[in-house]
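Chemist: Below is a structure I'd like to ask you about.
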Amino acid sequence: MKNEINRALVAKKNEYLSISDEVKAALAAGKPVVALESTIISHGMPYPQNVETALRVEQTIRENGAVPATIAIIGGKLKAGCTPEEIEYLGRKGQAVTKASRRDLPVLIARKADGATTVTTTMIIAAMAGIKVFATGGIGGVHRGAQQTFDISADLEELAQTPVMVVCAGAKSILDLGLTLEYLETKGVPVIGYGTDELPAFYTRHSGFQVDYRIDSPEELAAAFRAKLDCGLKGGMLVTNPIPEEYSMPKEVIDRAIEQALKEMDEAGIHGKQCTPFLLAKVKDLTGGESLASNIQLVLNNARLAAKTAKALCEK
Ligand code: PSU
Ligand code: MN
């Protein structure tokens with residue numbers, strides 16, 4: 001009886017999930033697949049650079065031996081593997097698309113609505129599809145002043161419970177990086193520095209905070225994640241990959257822009273899910289687009305590492 005109920009649940013789940021033919025074939029053949037999020041397209045970058053970047057990231061994943069699966073919610077379907085047309089659609093609609101976190105899934109599905117997936121929902125849908133590695137730019141975290149606002153990204157809770165490796169460039173100092181690390185420690189999420197002992201801060205390679213472990217190869221990343229899965233340890237793993245030196249920004253420039261953006265956010269009374277998109281757009285404006293160029297490069301860099309790691313994981 002219990003099994004029947006479980007089967008019914010799985011069958012229902014599959015009704016909502018729509019995996020592209022290419023991704024389905026790759027997964028069935030045991031080939032490497034890398035998940036990609038769509039909030040970075042709709043809310044993280046302006047049009048048309050968002051669409052160009054999303055397509056370039058997919059290309060980079062292919063060049064490094066894996067199949068890309070851009071994840072989004074389209075017409076209420078949980079899509080693992082968007083078409084270039086769907087990516088263009090999300091990119092053009094931009095902030096008019098719902099930024100979809102875990103709490104948004106039930107109603108968006110029931111209404112057959114669209115949603116751009118954050119790190120949280122990309123992890124959820126990747127796990128449903130059987131994808132283990134996910135590349136993005138930055139994750140959400142504990143916001144500055146969270147002691148008062150309680151603004152802590154759902155991304156941290158998802159990392160605590162969903163078995164997907166997230167490759168990012170660290171977290172922006174729009175967040176409280178120290179508290180973000182404390183939260184991840186409490187939740188048992190391993191924070192790995194790729195080729196570094198220091199947590200990268202997205203636009204810069206340095207934050208002054210230590211990661212839990214430094215790992216220097218995709219093979220060892222894969223071995224550590226495989227061990228976590230095999231032991232049944234709940235949750236994901238956070239791989240922080242520093243932006244390549246030549247694209248990193250001067251610390252003073254980015255710090256000044258972030259302070260200014262935080263001040264304007266306060267003055268405008270922005271809160272909740274609007275915070276992160278507001279800060280991202282402000283920082284971009286204040287740095288005259290320089291931060292956008294860095295942002296694009298770090299995502300490509302993460303895509304390369306994620307593809308190699310997904311490959312290593314398949315060979316394990
Ligand atoms: N940080 C970035 N770029 C992004 C995001 C965060 O540098 O695009 C997006 C991601 O989709 C992330 C989400 O999951 O913002 C976090 O939003 P919130 O802080 O509201 O949880
Ligand atoms: Mn929040």
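Chain labels A, B, ... are given in the sequence in which chains occur in the structure tokens; within each chain residues are numbered consecutively from 1, and ligands are likewise numbered from 1 in the order shown.
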Could you report the residues within 12 Å of ligand 2, using only C-alpha atoms and all ligand atoms, as a VMD selection string?

Modeler: chain A and resid 99 to 103 118 120 139 to 146 149 to 157 174 to 175 270 to 279

Chemist: Skipping near chain neighbours, those fewer than 5 positions away, what residues fall within 6 Å of stretch 32-47 of chain A using only C-alpha atoms, listed as a list in words?

Modeler: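 Using only C-alpha atoms, the neighbours found are Ala66, Val67, Pro68, Ala69, Thr70, Ile71, Ala72, Leu90, Gly91, Gly94, Gln95, Ala116, Thr117, Thr118, Thr122, Val133, Phe134, Ala135, Pro277, Ala310 and Lys311 of chain A.
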
Chemist: Pull C-alpha atoms from the residues just selected and write them as a compact mmCIF listing (two decimals), in the first residue's frame.

Modeler:
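So the final result, stored in again_33.txt, reads:
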```txt
# COMPACT_ATOMS: atom_id res chain seq x y z
CA ALA A 66 28.48 17.97 -20.61
CA VAL A 67 24.88 18.66 -21.60
CA PRO A 68 23.35 21.93 -20.30
CA ALA A 69 19.88 21.94 -18.73
CA THR A 70 18.57 25.46 -18.23
CA ILE A 71 15.77 25.22 -15.69
CA ALA A 72 12.61 27.35 -15.52
CA LEU A 90 12.47 34.71 -20.19
CA GLY A 91 15.22 37.19 -21.00
CA GLY A 94 12.90 40.16 -17.48
CA GLN A 95 11.57 41.23 -14.10
CA ALA A 116 12.28 32.13 -13.23
CA THR A 117 14.05 29.68 -10.95
CA THR A 118 16.44 30.87 -8.24
CA THR A 122 16.78 25.16 -9.73
CA VAL A 133 25.67 19.46 -10.66
CA PHE A 134 24.50 23.05 -11.10
CA ALA A 135 26.47 26.12 -12.21
CA PRO A 277 17.48 42.11 -7.90
CA ALA A 310 29.83 16.50 -13.74
CA LYS A 311 32.03 14.47 -16.10
```

Chemist: Separation of atom CA of A:Ser248 and atom CA of A:Arg205, in Å?

Modeler: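 Answer for the atom CA of A:Ser248 to atom CA of A:Arg205 separation: 6.9 Å.
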
Chemist: So that I can check the secondary structure, give me every residue of stretch 48-297 of chain A assigned strand (DSSP E) by backbone DSSP, as JSON, numbers by chain.

Modeler: {"A": [67, 68, 69, 70, 71, 72, 73, 74, 77, 78, 79, 80, 98, 99, 100, 115, 116, 117, 133, 134, 135, 165, 166, 167, 168, 191, 192, 193, 194, 213, 214, 215, 237, 238, 239, 240]}

Chemist: Restricted to N, CA, C and O atoms, what would the selected residues look like written as a compact mmCIF listing (two decimals), in the first residue's frame?

Modeler:
```
# COMPACT_ATOMS: atom_id res chain seq x y z
N VAL A 67 26.11 18.15 -20.98
CA VAL A 67 24.88 18.66 -21.60
C VAL A 67 24.27 19.71 -20.66
O VAL A 67 24.08 19.43 -19.47
N PRO A 68 23.96 20.92 -21.17
CA PRO A 68 23.35 21.93 -20.30
C PRO A 68 21.85 21.71 -20.15
O PRO A 68 21.19 21.26 -21.08
N ALA A 69 21.33 22.00 -18.96
CA ALA A 69 19.88 21.94 -18.73
C ALA A 69 19.48 23.24 -18.03
O ALA A 69 19.58 23.36 -16.81
N THR A 70 19.07 24.23 -18.83
CA THR A 70 18.57 25.46 -18.23
C THR A 70 17.19 25.17 -17.67
O THR A 70 16.34 24.57 -18.34
N ILE A 71 16.99 25.58 -16.42
CA ILE A 71 15.77 25.22 -15.69
C ILE A 71 14.88 26.44 -15.50
O ILE A 71 15.38 27.54 -15.24
N ALA A 72 13.58 26.26 -15.69
CA ALA A 72 12.61 27.35 -15.52
C ALA A 72 11.22 26.74 -15.37
O ALA A 72 11.04 25.53 -15.57
N ILE A 73 10.26 27.58 -15.05
CA ILE A 73 8.87 27.13 -15.01
C ILE A 73 8.15 27.84 -16.15
O ILE A 73 8.13 29.08 -16.20
N ILE A 74 7.64 27.05 -17.09
CA ILE A 74 6.97 27.65 -18.25
C ILE A 74 5.57 27.05 -18.34
O ILE A 74 5.43 25.83 -18.44
N LYS A 77 4.83 24.17 -16.11
CA LYS A 77 5.66 22.96 -16.21
C LYS A 77 7.04 23.24 -15.63
O LYS A 77 7.63 24.31 -15.90
N LEU A 78 7.56 22.29 -14.87
CA LEU A 78 8.91 22.40 -14.34
C LEU A 78 9.85 21.88 -15.43
O LEU A 78 9.92 20.68 -15.68
N LYS A 79 10.52 22.80 -16.10
CA LYS A 79 11.33 22.43 -17.27
C LYS A 79 12.78 22.18 -16.89
O LYS A 79 13.43 23.04 -16.30
N ALA A 80 13.28 21.04 -17.28
CA ALA A 80 14.73 20.78 -17.15
C ALA A 80 15.24 20.67 -18.58
O ALA A 80 15.09 19.63 -19.23
N THR A 98 7.81 36.00 -12.69
CA THR A 98 7.89 35.80 -11.24
C THR A 98 9.22 35.17 -10.87
O THR A 98 9.62 34.16 -11.46
N LYS A 99 9.90 35.79 -9.92
CA LYS A 99 11.11 35.17 -9.36
C LYS A 99 10.63 34.08 -8.41
O LYS A 99 10.00 34.37 -7.40
N ALA A 100 10.87 32.84 -8.79
CA ALA A 100 10.22 31.72 -8.11
C ALA A 100 11.13 31.02 -7.12
O ALA A 100 12.14 30.41 -7.50
N GLY A 115 7.74 31.02 -14.27
CA GLY A 115 8.57 31.43 -13.14
C GLY A 115 10.03 31.27 -13.51
O GLY A 115 10.42 30.32 -14.21
N ALA A 116 10.83 32.24 -13.06
CA ALA A 116 12.28 32.13 -13.23
C ALA A 116 12.81 31.48 -11.97
O ALA A 116 12.47 31.89 -10.86
N THR A 117 13.61 30.44 -12.12
CA THR A 117 14.05 29.68 -10.95
C THR A 117 15.31 30.28 -10.33
O THR A 117 16.27 30.59 -11.02
N VAL A 133 24.74 18.32 -10.68
CA VAL A 133 25.67 19.46 -10.66
C VAL A 133 24.99 20.68 -11.30
O VAL A 133 24.30 20.55 -12.32
N PHE A 134 25.19 21.82 -10.71
CA PHE A 134 24.50 23.05 -11.10
C PHE A 134 25.51 24.20 -11.07
O PHE A 134 26.24 24.36 -10.11
N ALA A 135 25.56 24.97 -12.15
CA ALA A 135 26.47 26.12 -12.21
C ALA A 135 25.67 27.42 -12.20
O ALA A 135 24.66 27.54 -12.88
N MET A 165 25.14 19.66 -6.15
CA MET A 165 26.35 20.47 -5.97
C MET A 165 26.17 21.79 -6.70
O MET A 165 25.82 21.81 -7.89
N VAL A 166 26.38 22.89 -6.00
CA VAL A 166 26.21 24.21 -6.60
C VAL A 166 27.59 24.85 -6.78
O VAL A 166 28.32 25.05 -5.80
N VAL A 167 27.93 25.14 -8.04
CA VAL A 167 29.21 25.79 -8.33
C VAL A 167 28.94 27.27 -8.55
O VAL A 167 28.20 27.65 -9.46
N CYS A 168 29.51 28.12 -7.69
CA CYS A 168 29.27 29.56 -7.78
C CYS A 168 30.59 30.31 -7.59
O CYS A 168 31.63 29.69 -7.40
N VAL A 191 31.44 23.89 2.53
CA VAL A 191 31.79 25.03 1.67
C VAL A 191 33.23 24.82 1.20
O VAL A 191 34.16 24.83 1.99
N ILE A 192 33.35 24.60 -0.10
CA ILE A 192 34.65 24.28 -0.69
C ILE A 192 35.18 25.49 -1.46
O ILE A 192 34.44 26.14 -2.19
N GLY A 193 36.46 25.76 -1.32
CA GLY A 193 37.12 26.77 -2.16
C GLY A 193 37.83 26.04 -3.28
O GLY A 193 38.60 25.11 -3.02
N TYR A 194 37.55 26.41 -4.51
CA TYR A 194 38.25 25.73 -5.61
C TYR A 194 39.58 26.44 -5.85
O TYR A 194 39.63 27.59 -6.29
N TYR A 213 37.16 23.77 3.21
CA TYR A 213 38.21 22.98 2.58
C TYR A 213 38.60 23.59 1.25
O TYR A 213 37.74 24.12 0.54
N ARG A 214 39.88 23.45 0.91
CA ARG A 214 40.34 23.80 -0.41
C ARG A 214 40.45 22.51 -1.22
O ARG A 214 41.01 21.52 -0.76
N ILE A 215 39.91 22.52 -2.44
CA ILE A 215 40.03 21.38 -3.35
C ILE A 215 40.55 21.91 -4.66
O ILE A 215 40.15 23.00 -5.11
N MET A 237 26.28 20.63 -1.72
CA MET A 237 27.65 21.03 -1.42
C MET A 237 27.86 22.35 -2.16
O MET A 237 27.39 22.50 -3.30
N LEU A 238 28.53 23.28 -1.52
CA LEU A 238 28.74 24.57 -2.15
C LEU A 238 30.19 24.69 -2.58
O LEU A 238 31.10 24.66 -1.75
N VAL A 239 30.40 24.81 -3.90
CA VAL A 239 31.74 24.98 -4.44
C VAL A 239 31.90 26.44 -4.83
O VAL A 239 31.12 26.96 -5.63
N THR A 240 32.87 27.11 -4.24
CA THR A 240 33.08 28.53 -4.55
C THR A 240 34.35 28.66 -5.39
O THR A 240 35.43 28.26 -4.97
```

Chemist: So, counting only C-alpha atoms and all ligand atoms, which residue among A:Glu158, A:Asp197, A:Glu185, A:Glu88 is closest to ligand 1?

Modeler: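 Comparing A:Glu158, A:Asp197, A:Glu185, A:Glu88 against ligand 1, the winner is A:Glu158.
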
Chemist: Would you please extract all alpha helix (DSSP H) residues from stretch 57-117 of chain A, as assigned by DSSP on the backbone, and give them as an NGL selection string?

Modeler: :A and (57-63 or 84-93 or 105-110)

Chemist: Would you export the selected residues with N, CA and C atoms as a CSV table (one decimal), in the first residue's frame, please?

Modeler:
```
chain,number,residue,atom,x,y,z
A,57,VAL,N,26.8,30.3,-22.0
A,57,VAL,CA,27.1,29.4,-20.9
A,57,VAL,C,26.7,28.0,-21.3
A,58,GLU,N,25.6,27.8,-22.0
A,58,GLU,CA,25.2,26.5,-22.5
A,58,GLU,C,26.3,25.9,-23.4
A,59,GLN,N,26.8,26.8,-24.3
A,59,GLN,CA,27.8,26.4,-25.3
A,59,GLN,C,29.1,26.0,-24.5
A,60,THR,N,29.5,26.7,-23.5
A,60,THR,CA,30.7,26.4,-22.7
A,60,THR,C,30.5,25.1,-22.1
A,61,ILE,N,29.4,24.8,-21.6
A,61,ILE,CA,29.1,23.5,-21.0
A,61,ILE,C,29.3,22.3,-22.0
A,62,ARG,N,28.8,22.5,-23.2
A,62,ARG,CA,29.0,21.6,-24.2
A,62,ARG,C,30.4,21.4,-24.6
A,63,GLU,N,31.2,22.5,-24.7
A,63,GLU,CA,32.6,22.4,-25.1
A,63,GLU,C,33.4,21.7,-24.0
A,84,PRO,N,16.3,27.5,-26.8
A,84,PRO,CA,16.8,28.9,-27.0
A,84,PRO,C,15.6,29.9,-27.1
A,85,GLU,N,14.5,29.4,-27.6
A,85,GLU,CA,13.3,30.3,-27.7
A,85,GLU,C,12.8,30.6,-26.3
A,86,GLU,N,12.8,29.6,-25.4
A,86,GLU,CA,12.3,29.8,-24.1
A,86,GLU,C,13.3,30.7,-23.3
A,87,ILE,N,14.6,30.6,-23.6
A,87,ILE,CA,15.5,31.4,-22.9
A,87,ILE,C,15.3,32.9,-23.4
A,88,GLU,N,15.1,33.1,-24.6
A,88,GLU,CA,14.9,34.4,-25.2
A,88,GLU,C,13.6,35.0,-24.6
A,89,TYR,N,12.6,34.2,-24.4
A,89,TYR,CA,11.3,34.6,-23.8
A,89,TYR,C,11.5,35.1,-22.4
A,90,LEU,N,12.2,34.3,-21.6
A,90,LEU,CA,12.5,34.7,-20.2
A,90,LEU,C,13.3,36.0,-20.1
A,91,GLY,N,14.3,36.1,-21.0
A,91,GLY,CA,15.2,37.2,-21.0
A,91,GLY,C,14.5,38.5,-21.4
A,92,ARG,N,13.6,38.4,-22.4
A,92,ARG,CA,12.9,39.6,-22.8
A,92,ARG,C,11.9,40.0,-21.7
A,93,LYS,N,11.2,39.1,-21.1
A,93,LYS,CA,10.2,39.4,-20.1
A,93,LYS,C,10.9,40.0,-18.8
A,105,LEU,N,6.3,27.6,-5.9
A,105,LEU,CA,6.0,26.5,-6.8
A,105,LEU,C,4.6,26.0,-6.9
A,106,PRO,N,4.0,25.8,-5.7
A,106,PRO,CA,2.6,25.2,-5.8
A,106,PRO,C,1.6,26.1,-6.6
A,107,VAL,N,1.6,27.4,-6.3
A,107,VAL,CA,0.6,28.2,-7.0
A,107,VAL,C,1.0,28.5,-8.4
A,108,LEU,N,2.3,28.6,-8.7
A,108,LEU,CA,2.7,28.8,-10.1
A,108,LEU,C,2.3,27.6,-11.0
A,109,ILE,N,2.5,26.4,-10.4
A,109,ILE,CA,2.1,25.2,-11.1
A,109,ILE,C,0.6,25.1,-11.4
A,110,ALA,N,-0.2,25.4,-10.3
A,110,ALA,CA,-1.6,25.3,-10.4
A,110,ALA,C,-2.2,26.3,-11.4
```

Chemist: Using only C-alpha atoms and all ligand atoms, pick whichever of A:Val211, A:Ala129, A:Ala281, A:Cys231 has the shortest atom-to-atom distance to ligand 1.

Modeler: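 Selected residue with least distance to ligand 1: A:Ala281.
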